[in-house]
$ cat data-v3.cif   # mmCIF, C-alpha atoms
data_my_file
#
loop_
_atom_site.label_atom_id
_atom_site.label_comp_id
_atom_site.auth_asym_id
_atom_site.auth_seq_id
_atom_site.Cartn_x
_atom_site.Cartn_y
_atom_site.Cartn_z
CA MET A 1 82.82 73.72 81.86
CA ALA A 2 85.05 73.84 78.82
CA ILE A 3 85.20 75.00 75.22
CA GLU A 4 86.16 72.37 72.67
CA LEU A 5 88.10 73.68 69.70
CA GLU A 6 90.06 71.70 67.13
CA GLY A 7 90.57 68.75 69.41
CA LYS A 8 91.69 70.85 72.36
CA SER A 9 89.74 71.59 75.49
CA TYR A 10 89.83 74.98 77.22
CA GLU A 11 88.60 75.20 80.80
CA THR A 12 86.04 77.91 81.65
CA ASP A 13 84.13 78.85 84.79
CA GLU A 14 80.37 78.41 85.13
CA GLU A 15 79.74 81.72 83.33
CA GLY A 16 81.98 80.88 80.41
CA TYR A 17 85.05 82.94 81.38
CA LEU A 18 88.39 81.35 80.56
CA VAL A 19 90.13 79.93 83.62
CA ASN A 20 93.64 80.35 82.18
CA LEU A 21 94.39 83.74 80.67
CA SER A 22 97.20 82.24 78.64
CA ASP A 23 94.84 79.84 76.83
CA TRP A 24 93.37 82.72 74.86
CA ASN A 25 93.58 83.12 71.09
CA ASP A 26 91.55 84.84 68.34
CA GLN A 27 89.77 81.68 67.35
CA LEU A 28 88.64 81.05 70.90
CA ALA A 29 87.14 84.55 71.04
CA ASN A 30 85.21 83.90 67.82
CA GLU A 31 84.03 80.58 69.23
CA MET A 32 82.75 82.19 72.44
CA ALA A 33 80.93 84.85 70.41
CA LYS A 34 79.36 82.20 68.20
CA ALA A 35 77.97 80.47 71.29
CA ASP A 36 76.23 83.79 72.17
CA GLY A 37 74.94 84.13 68.59
CA ALA A 38 77.32 87.00 67.80
CA VAL A 39 79.85 87.59 65.02
CA LEU A 40 82.90 89.69 65.84
CA ASP A 41 83.76 92.51 63.44
CA GLU A 42 86.65 95.01 63.57
CA ASN A 43 84.79 97.25 66.03
CA HIS A 44 84.43 94.38 68.45
CA TRP A 45 88.08 93.51 68.02
CA GLU A 46 89.14 97.07 68.73
CA VAL A 47 87.49 96.88 72.16
CA ILE A 48 88.68 93.33 72.83
CA ASN A 49 92.28 94.28 72.05
CA PHE A 50 91.92 97.41 74.14
CA LEU A 51 90.79 95.30 77.09
CA ARG A 52 93.70 92.90 76.70
CA ASP A 53 96.14 95.82 76.71
CA TYR A 54 94.40 97.32 79.74
CA TYR A 55 94.68 94.04 81.62
CA GLU A 56 98.32 93.64 80.65
CA GLU A 57 99.07 97.08 82.10
CA TYR A 58 96.87 97.15 85.22
CA GLN A 59 96.16 93.47 85.95
CA ILE A 60 92.41 94.08 86.14
CA ALA A 61 89.45 94.19 83.81
CA PRO A 62 88.03 97.71 84.14
CA ALA A 63 84.54 98.48 85.42
CA VAL A 64 82.18 99.63 82.67
CA ARG A 65 82.35 103.31 83.69
CA VAL A 66 86.13 103.21 83.55
CA LEU A 67 86.10 101.26 80.29
CA THR A 68 83.81 103.80 78.63
CA LYS A 69 86.00 106.71 79.66
CA ALA A 70 89.21 104.96 78.62
CA VAL A 71 87.83 103.81 75.25
CA GLY A 72 86.78 107.41 74.52
CA LYS A 73 90.28 108.58 75.22
CA LYS A 74 92.01 105.86 73.22
CA LEU A 75 89.66 105.14 70.31
CA GLY A 76 87.85 108.45 69.90
CA LYS A 77 85.07 110.34 71.68
CA ASP A 78 82.29 108.85 69.50
CA LYS A 79 83.22 105.38 70.76
CA GLY A 80 83.51 106.33 74.41
CA THR A 81 79.77 106.15 75.06
CA SER A 82 77.80 103.42 76.72
CA LYS A 83 75.38 103.42 73.78
CA TYR A 84 78.14 102.53 71.32
CA LEU A 85 79.59 99.86 73.61
CA TYR A 86 76.19 98.33 74.43
CA GLU A 87 75.38 98.10 70.73
CA LEU A 88 78.57 96.11 70.21
CA PHE A 89 78.16 94.02 73.36
CA PRO A 90 74.47 93.85 74.29
CA TYR A 91 75.12 91.63 77.34
CA GLY A 92 77.11 94.47 78.89
CA PRO A 93 80.33 95.79 77.43
CA ALA A 94 82.62 95.01 80.34
CA LYS A 95 81.13 91.58 80.98
CA GLN A 96 80.77 90.30 77.44
CA ALA A 97 83.86 91.88 75.91
CA CYS A 98 86.00 90.70 78.82
CA LYS A 99 84.77 87.18 78.26
CA TYR A 100 85.77 87.23 74.59
CA ALA A 101 89.09 88.80 75.56
CA GLY A 102 89.78 85.85 77.85
CA LEU A 103 89.86 88.04 80.96
CA PRO A 104 88.20 87.38 84.30
CA LYS A 105 84.87 89.03 84.99
CA PRO A 106 85.55 92.69 85.77
CA THR A 107 86.10 93.74 89.35
CA GLY A 108 83.20 95.87 90.50
CA CYS A 109 81.07 94.66 87.63
CA VAL A 110 77.50 95.88 88.10
CA MET B 1 124.43 71.02 116.91
CA SER B 2 123.84 73.90 114.52
CA VAL B 3 120.45 75.36 113.78
CA LEU B 4 119.05 77.27 110.80
CA HIS B 5 116.57 79.80 112.16
CA ILE B 6 113.88 80.87 109.70
CA VAL B 7 111.88 84.08 110.15
CA ASN B 8 108.92 84.72 107.84
CA LYS B 9 107.11 87.57 109.65
CA SER B 10 107.60 91.29 109.24
CA PRO B 11 109.76 92.65 112.09
CA TYR B 12 107.25 95.49 112.47
CA GLU B 13 104.19 93.30 112.80
CA ARG B 14 105.40 90.51 115.09
CA HIS B 15 108.17 89.80 117.55
CA SER B 16 109.42 86.71 115.68
CA LEU B 17 112.70 88.33 114.66
CA ASP B 18 113.42 89.64 118.17
CA THR B 19 112.68 86.26 119.72
CA CYS B 20 114.83 84.52 117.14
CA LEU B 21 117.77 86.86 117.73
CA ARG B 22 117.42 86.46 121.49
CA LEU B 23 117.46 82.66 121.34
CA ALA B 24 119.78 81.91 118.41
CA LYS B 25 123.18 80.57 119.50
CA PRO B 26 126.34 81.94 117.90
CA ASP B 27 126.99 78.90 115.67
CA SER B 28 123.53 79.10 114.10
CA ALA B 29 122.38 80.90 110.95
CA ILE B 30 119.37 83.09 110.20
CA LEU B 31 117.32 82.93 107.02
CA LEU B 32 114.73 85.62 106.26
CA ILE B 33 111.87 84.63 103.97
CA GLU B 34 108.44 86.01 102.96
CA ASP B 35 107.56 89.12 105.02
CA GLY B 36 110.64 88.43 107.15
CA ILE B 37 112.80 89.92 104.40
CA TYR B 38 111.67 93.46 105.28
CA ALA B 39 114.35 93.30 108.02
CA VAL B 40 117.12 93.61 105.41
CA GLN B 41 116.50 97.31 104.70
CA GLN B 42 119.33 99.64 105.69
CA ASN B 43 118.69 102.92 107.56
CA SER B 44 115.54 101.45 109.08
CA ALA B 45 114.39 100.78 112.64
CA THR B 46 115.64 97.20 112.36
CA SER B 47 119.09 97.90 110.91
CA SER B 48 121.01 98.18 114.20
CA LYS B 49 119.72 94.86 115.54
CA MET B 50 120.44 93.22 112.18
CA GLN B 51 123.97 94.61 112.19
CA GLN B 52 124.44 93.17 115.64
CA ALA B 53 123.01 89.84 114.49
CA LEU B 54 125.49 89.80 111.61
CA SER B 55 128.40 89.91 114.02
CA ASN B 56 127.20 86.61 115.52
CA HIS B 57 125.51 84.74 112.66
CA PRO B 58 125.50 84.35 108.93
CA VAL B 59 122.27 85.99 107.71
CA TYR B 60 120.55 84.98 104.49
CA ALA B 61 117.50 86.36 102.68
CA LEU B 62 115.43 84.66 99.98
CA GLN B 63 115.85 86.64 96.77
CA PRO B 64 112.48 85.83 95.11
CA ASP B 65 110.78 87.20 98.24
CA LEU B 66 112.76 90.46 97.98
CA GLU B 67 111.80 90.76 94.31
CA ALA B 68 108.11 90.11 95.00
CA ARG B 69 108.12 92.92 97.56
CA GLY B 70 110.10 95.42 95.49
CA VAL B 71 112.92 95.51 98.04
CA ASN B 72 116.06 96.61 96.23
CA PRO B 73 119.17 94.52 97.11
CA ASP B 74 121.19 97.76 96.80
CA ASN B 75 119.40 99.01 99.92
CA MET B 76 120.22 95.88 101.88
CA ILE B 77 122.36 95.99 105.03
CA ASP B 78 125.94 94.98 104.14
CA GLY B 79 126.80 91.40 104.97
CA ILE B 80 123.43 89.78 104.32
CA SER B 81 123.62 87.11 101.59
CA LEU B 82 120.88 86.47 99.06
CA VAL B 83 119.89 82.89 98.25
CA ASP B 84 117.54 81.48 95.61
CA TYR B 85 115.32 78.43 96.17
CA ASP B 86 118.21 76.03 95.45
CA GLY B 87 120.32 77.92 97.97
CA PHE B 88 117.48 77.64 100.47
CA VAL B 89 117.37 73.87 100.04
CA LYS B 90 121.15 73.66 100.31
CA LEU B 91 121.07 75.61 103.59
CA THR B 92 118.50 73.26 105.05
CA THR B 93 120.86 70.34 104.38
CA GLU B 94 123.90 72.07 105.89
CA TYR B 95 122.35 72.57 109.31
CA ASP B 96 121.34 69.86 111.75
CA ARG B 97 118.01 71.42 112.62
CA LEU B 98 115.50 73.92 111.31
CA GLN B 99 113.66 76.28 113.60
CA SER B 100 110.84 78.28 112.01
CA TRP B 101 109.73 81.23 114.14
CA LEU B 102 106.17 81.33 112.86
CA MET C 1 71.93 109.17 97.74
CA ALA C 2 74.16 111.61 99.55
CA SER C 3 77.81 110.83 99.08
CA LYS C 4 79.60 109.62 102.20
CA LYS C 5 83.27 109.87 102.97
CA PHE C 6 84.86 106.41 103.00
CA LEU C 7 88.34 105.79 104.37
CA TYR C 8 90.15 102.51 103.77
CA ILE C 9 93.00 101.97 106.23
CA ASN C 10 95.69 99.57 105.00
CA ARG C 11 98.18 98.31 107.57
CA ARG C 12 99.42 94.98 106.20
CA PRO C 13 102.22 94.08 103.81
CA PRO C 14 101.13 93.03 100.30
CA HIS C 15 101.97 89.35 99.93
CA GLY C 16 101.99 87.66 103.35
CA SER C 17 98.21 87.56 103.62
CA ILE C 18 95.12 88.17 101.52
CA TYR C 19 94.21 91.47 103.25
CA ALA C 20 96.02 93.88 100.93
CA HIS C 21 94.64 92.40 97.73
CA GLU C 22 91.14 92.11 99.18
CA SER C 23 91.24 95.74 100.25
CA LEU C 24 92.13 96.86 96.74
CA GLU C 25 89.28 94.79 95.30
CA VAL C 26 86.80 96.30 97.74
CA VAL C 27 88.07 99.80 96.91
CA LEU C 28 87.55 99.16 93.19
CA ILE C 29 84.09 97.75 93.74
CA GLY C 30 83.19 100.62 96.09
CA ALA C 31 84.46 103.16 93.56
CA ALA C 32 81.71 102.06 91.18
CA PHE C 33 79.21 103.62 93.60
CA GLU C 34 80.81 107.04 93.29
CA GLN C 35 81.47 107.65 96.95
CA ASP C 36 84.16 109.96 98.24
CA VAL C 37 87.02 107.51 98.72
CA THR C 38 90.26 108.05 100.63
CA LEU C 39 93.00 105.48 101.17
CA ALA C 40 95.51 105.53 104.02
CA PHE C 41 98.67 103.42 104.18
CA ILE C 42 100.06 103.00 107.68
CA ASP C 43 102.58 100.60 109.30
CA ASP C 44 103.46 97.68 106.98
CA GLY C 45 100.68 98.86 104.66
CA VAL C 46 103.19 101.27 103.10
CA TYR C 47 104.95 98.24 101.57
CA GLN C 48 101.93 97.70 99.31
CA LEU C 49 102.98 100.74 97.28
CA MET C 50 106.62 99.69 96.78
CA GLN C 51 107.94 100.13 93.24
CA ASN C 52 109.33 97.24 91.17
CA GLN C 53 107.42 94.42 92.83
CA ASP C 54 108.01 91.31 90.74
CA THR C 55 106.15 88.25 91.94
CA GLY C 56 107.26 86.01 89.07
CA GLY C 57 109.65 84.10 91.32
CA VAL C 58 107.14 83.34 94.07
CA GLY C 59 104.19 82.41 91.87
CA LEU C 60 101.76 84.99 93.29
CA LYS C 61 99.62 87.44 91.36
CA ASN C 62 101.24 90.86 91.24
CA PHE C 63 98.47 93.35 91.98
CA ALA C 64 100.78 96.35 92.44
CA PRO C 65 100.12 97.60 88.85
CA THR C 66 96.43 97.81 89.73
CA PHE C 67 97.14 100.73 92.07
CA ARG C 68 97.96 102.75 88.93
CA ALA C 69 94.37 102.25 87.73
CA LEU C 70 92.93 103.97 90.81
CA GLY C 71 93.06 107.38 89.11
CA ASP C 72 90.69 106.07 86.40
CA TYR C 73 88.33 105.03 89.20
CA ASP C 74 88.42 108.56 90.66
CA VAL C 75 90.31 107.34 93.70
CA ASN C 76 92.93 110.02 94.08
CA GLN C 77 93.21 110.83 97.77
CA ILE C 78 95.95 108.50 98.91
CA TYR C 79 97.73 109.26 102.16
CA VAL C 80 100.92 107.58 103.35
CA GLU C 81 102.09 108.13 106.90
CA GLN C 82 105.56 109.70 107.01
CA GLU C 83 106.47 108.03 110.30
CA SER C 84 105.72 104.56 108.90
CA LEU C 85 107.97 105.22 105.90
CA GLU C 86 110.84 106.53 108.03
CA LEU C 87 110.76 103.61 110.44
CA ARG C 88 111.22 101.30 107.44
CA GLY C 89 114.04 103.29 105.85
CA LEU C 90 111.79 104.35 102.97
CA SER C 91 110.80 107.60 101.30
CA LYS C 92 108.22 108.67 98.72
CA ASP C 93 110.75 107.85 95.97
CA ASP C 94 110.44 104.16 96.86
CA LEU C 95 106.70 104.21 96.10
CA ILE C 96 104.88 103.69 92.80
CA PRO C 97 104.06 107.12 91.36
CA LEU C 98 100.25 107.36 91.29
CA THR C 99 98.51 110.12 89.36
CA TYR C 100 95.07 111.19 88.23
CA GLU C 101 93.69 113.67 85.71
CA ASP C 102 91.88 116.54 87.40
CA GLU C 103 88.55 117.10 85.66
CA ASP C 104 88.17 120.54 87.28
CA ASP C 105 91.60 121.70 86.13
CA ASP C 106 91.60 120.95 82.37
CA TRP C 107 92.58 117.30 83.00
CA ALA C 108 95.95 118.24 84.40
CA GLU C 109 97.89 115.23 85.66
CA LYS C 110 98.35 115.40 89.43
CA ASP C 111 99.89 113.31 92.19
CA SER C 112 97.47 111.08 94.10
CA ILE C 113 99.95 110.16 96.84
CA HIS C 114 100.44 112.52 99.75
CA VAL C 115 102.96 111.72 102.43
CA VAL C 116 101.55 113.14 105.67
CA SER C 117 102.53 113.25 109.33
CA SER C 118 100.68 111.27 111.98
CA ALA C 119 99.03 114.50 113.17
CA GLU C 120 97.75 115.26 109.66
CA LEU C 121 96.53 111.69 109.24
CA ALA C 122 94.71 111.90 112.57
CA ASP C 123 92.75 114.88 111.20
CA ILE C 124 91.94 113.00 107.99
CA ILE C 125 90.60 110.05 110.02
CA GLU C 126 88.33 112.37 111.99
CA GLN C 127 86.74 113.75 108.81
CA GLN C 128 85.34 110.39 107.64
CA ASP C 129 81.82 108.96 107.76
CA VAL C 130 82.85 105.33 107.31
CA ILE C 131 86.21 103.68 108.05
CA LEU C 132 87.15 100.23 106.79
CA ASN C 133 90.23 98.42 108.07
CA PHE C 134 92.40 95.92 106.23
#

$ encode --input "data-v3.cif" --output "structure tokens"
Amino acid sequence: MAIELEGKSYETDEEGYLVNLSDWNDQLANEMAKADGAVLDENHWEVINFLRDYYEEYQIAPAVRVLTKAVGKKLGKDKGTSKYLYELFPYGPAKQACKYAGLPKPTGCV
Amino acid sequence: MSVLHIVNKSPYERHSLDTCLRLAKPDSAILLIEDGIYAVQQNSATSSKMQQALSNHPVYALQPDLEARGVNPDNMIDGISLVDYDGFVKLTTEYDRLQSWL
Amino acid sequence: MASKKFLYINRRPPHGSIYAHESLEVVLIGAAFEQDVTLAFIDDGVYQLMQNQDTGGVGLKNFAPTFRALGDYDVNQIYVEQESLELRGLSKDDLIPLTYEDEDDDWAEKDSIHVVSSAELADIIEQQDVILNF
């Protein structure tokens, strides 16, 4: 599978996750969201950028339990709840946000 | 005929290094790559046999493999030379034969 | 479901085979099920925790930074056998510092790595319900 954007083709796996981490850019994230019928606002971006930083540091996409805890610590307690994250990413915060962030599907994703 | 002996297994996991040192003739060289590079560490269980090997052979270790494993060149036994991939290729051309102790 | 004690024994170096990376993946997946997880590093397994691993030159994924995420996954009982370190000319200072925040102690940051003797490790092995080897 692939995403076509401005004449360029970006390879994805069968679930729509980017194959090459380095292909990622903002526009591609918006494009992937559009395909799911979503529009990314600043709250989405906050989590997406958080995930990219987390991956940069630890070389993994965190499991949802770990993500929730870490978001609470970094972005404020009110945001570190699964309710808040599921509202932003109804397909599952770790799964969907990781996809838009260009990361692989989280390890231990349930 | 001179031989370049290549060891790519950890000296603690396999006997490749011991076998190599037992069978390498004095005019041959030893190159440590991949997990074989763990033999370079000073003050370890392998350091005395490596010191002995150094009195008979030039010993080389592949630098990118040290880096990948976090082995600090400062903790390397004196006398072992680091080579990069170009150096590796150059070595293979300088010796008549390659023997990989897999 | 009653929590069981799981021990993962790691005895292989990090990059020569897939075992080390696979073990870490299984640990992370297992941690999602909130079991009591302990890791042991014995023999060449101690090399997995070496500081300053840089795989850029060999074109392999560097998973060493992932060990630092274990604290977030509540994996904080990490035992390294003293004898294995000594044989390799290594000490605790050569290992990546791993920490966790202790929920029961006002989130104080604590060491996850404990260097233990073979005798101490033998006791730890005996206390487990399930042992997985990599």

$ residues_around --input "data-v3.cif" --residues "B:Gln51" --least-positions-apart "5" --cutoff "12 Å" --atoms "only C-alpha atoms" --output "list of chain:residue names"
B:Leu21, B:Ala39, B:Val40, B:Gln41, B:Gln42, B:Asn43, B:Ser44, B:Ala45, B:Thr46, B:Asn56, B:His57, B:Pro58, B:Val59, B:Met76, B:Ile77, B:Asp78, B:Gly79, B:Ile80

$ write_last_selection --input "data-v3.cif" --atoms "C-alpha atoms" --output "PDB file, in the frame of the given file"
ATOM      1  CA  LEU B  21     117.770  86.860 117.730  1.00  0.00           C
ATOM      2  CA  ALA B  39     114.350  93.300 108.020  1.00  0.00           C
ATOM      3  CA  VAL B  40     117.120  93.610 105.410  1.00  0.00           C
ATOM      4  CA  GLN B  41     116.500  97.310 104.700  1.00  0.00           C
ATOM      5  CA  GLN B  42     119.330  99.640 105.690  1.00  0.00           C
ATOM      6  CA  ASN B  43     118.690 102.920 107.560  1.00  0.00           C
ATOM      7  CA  SER B  44     115.540 101.450 109.080  1.00  0.00           C
ATOM      8  CA  ALA B  45     114.390 100.780 112.640  1.00  0.00           C
ATOM      9  CA  THR B  46     115.640  97.200 112.360  1.00  0.00           C
ATOM     10  CA  ASN B  56     127.200  86.610 115.520  1.00  0.00           C
ATOM     11  CA  HIS B  57     125.510  84.740 112.660  1.00  0.00           C
ATOM     12  CA  PRO B  58     125.500  84.350 108.930  1.00  0.00           C
ATOM     13  CA  VAL B  59     122.270  85.990 107.710  1.00  0.00           C
ATOM     14  CA  MET B  76     120.220  95.880 101.880  1.00  0.00           C
ATOM     15  CA  ILE B  77     122.360  95.990 105.030  1.00  0.00           C
ATOM     16  CA  ASP B  78     125.940  94.980 104.140  1.00  0.00           C
ATOM     17  CA  GLY B  79     126.800  91.400 104.970  1.00  0.00           C
ATOM     18  CA  ILE B  80     123.430  89.780 104.320  1.00  0.00           C
TER      19      ILE B  80
END

$ interface_residues --input "data-v3.cif" --of "chain A" --to "chain C" --cutoff "12 Å" --atoms "all atoms listed in the file" --output "ChimeraX atom specification"
/A:54-71,73,106-110

$ residues_around --input "data-v3.cif" --residues "C:Met50" --least-positions-apart "2" --cutoff "7 Å" --atoms "only C-alpha atoms" --output "PyMOL selection string"
(chain B and resi 69-70) or (chain C and resi 47-48+52-53+94-96)

$ write_last_selection --input "data-v3.cif" --atoms "C-alpha atoms" --output "mmCIF file, in the coordinates of the input"
data_model
loop_
_atom_site.group_PDB
_atom_site.id
_atom_site.type_symbol
_atom_site.label_atom_id
_atom_site.label_comp_id
_atom_site.auth_asym_id
_atom_site.auth_seq_id
_atom_site.Cartn_x
_atom_site.Cartn_y
_atom_site.Cartn_z
ATOM 1 C CA ARG B 69 108.120 92.920 97.560
ATOM 2 C CA GLY B 70 110.100 95.420 95.490
ATOM 3 C CA TYR C 47 104.950 98.240 101.570
ATOM 4 C CA GLN C 48 101.930 97.700 99.310
ATOM 5 C CA ASN C 52 109.330 97.240 91.170
ATOM 6 C CA GLN C 53 107.420 94.420 92.830
ATOM 7 C CA ASP C 94 110.440 104.160 96.860
ATOM 8 C CA LEU C 95 106.700 104.210 96.100
ATOM 9 C CA ILE C 96 104.880 103.690 92.800
#

$ residues_around --input "data-v3.cif" --residues "stretch 35-37 of chain C" --least-positions-apart "3" --cutoff "7 Å" --atoms "all atoms listed in the file" --output "list in words"
Ser3, Lys4, Lys5, Phe6, Leu7, Ala31 and Val75 of chain C

$ resolve_selection --input "data-v3.cif" --expression "the PyMOL selection byres ((chain C) within 9 of (chain B))" --output "list in words"
Arg12, Pro13, Pro14, His15, Gly16, Asp43, Asp44, Tyr47, Gln48, Met50, Gln51, Asn52, Gln53, Asp54, Thr55, Gly56, Gly57, Val58, Leu60, Asn62, Glu86, Leu87, Arg88, Gly89, Leu90 and Asp94 of chain C

$ atom_distance --input "data-v3.cif" --atom1 "atom CA of C:Ile78" --atom2 "atom CA of C:Glu22"
17.1 Å

$ resolve_selection --input "data-v3.cif" --expression "the PyMOL selection byres ((chain A and resi 10-21) around 8)" --output "MDAnalysis selection string"
chainID A and resid 1:5 8:9 22:24 99 102:105

$ resolve_selection --input "data-v3.cif" --expression "the PyMOL selection byres ((chain A and resi 37-39) around 12)" --output "count of residues only"
23

$ atom_distance --input "data-v3.cif" --atom1 "atom CA of A:Leu28" --atom2 "atom CA of A:Gly7"
12.5 Å

$ atom_distance --input "data-v3.cif" --atom1 "atom CA of A:Pro93" --atom2 "atom CA of A:Glu46"
12.4 Å

$ residues_around --input "data-v3.cif" --residues "C:Asn133" --least-positions-apart "6" --cutoff "7 Å" --atoms "all atoms listed in the file" --output "PDB file with C-alpha atoms, in the coordinates of the input"
ATOM      1  CA  TYR C   8      90.150 102.510 103.770  1.00  0.00           C
ATOM      2  CA  ILE C   9      93.000 101.970 106.230  1.00  0.00           C
ATOM      3  CA  ASN C  10      95.690  99.570 105.000  1.00  0.00           C
TER       4      ASN C  10
END

$ axis_aligned_box --input "data-v3.cif" --around "stretch 82-99 of chain C" --padding-each-side "4 Å" --output "AutoDock Vina command-line options"
--center_x 106.3 --center_y 105.7 --center_z 99.9 --size_x 23.5 --size_y 16.8 --size_z 29.1
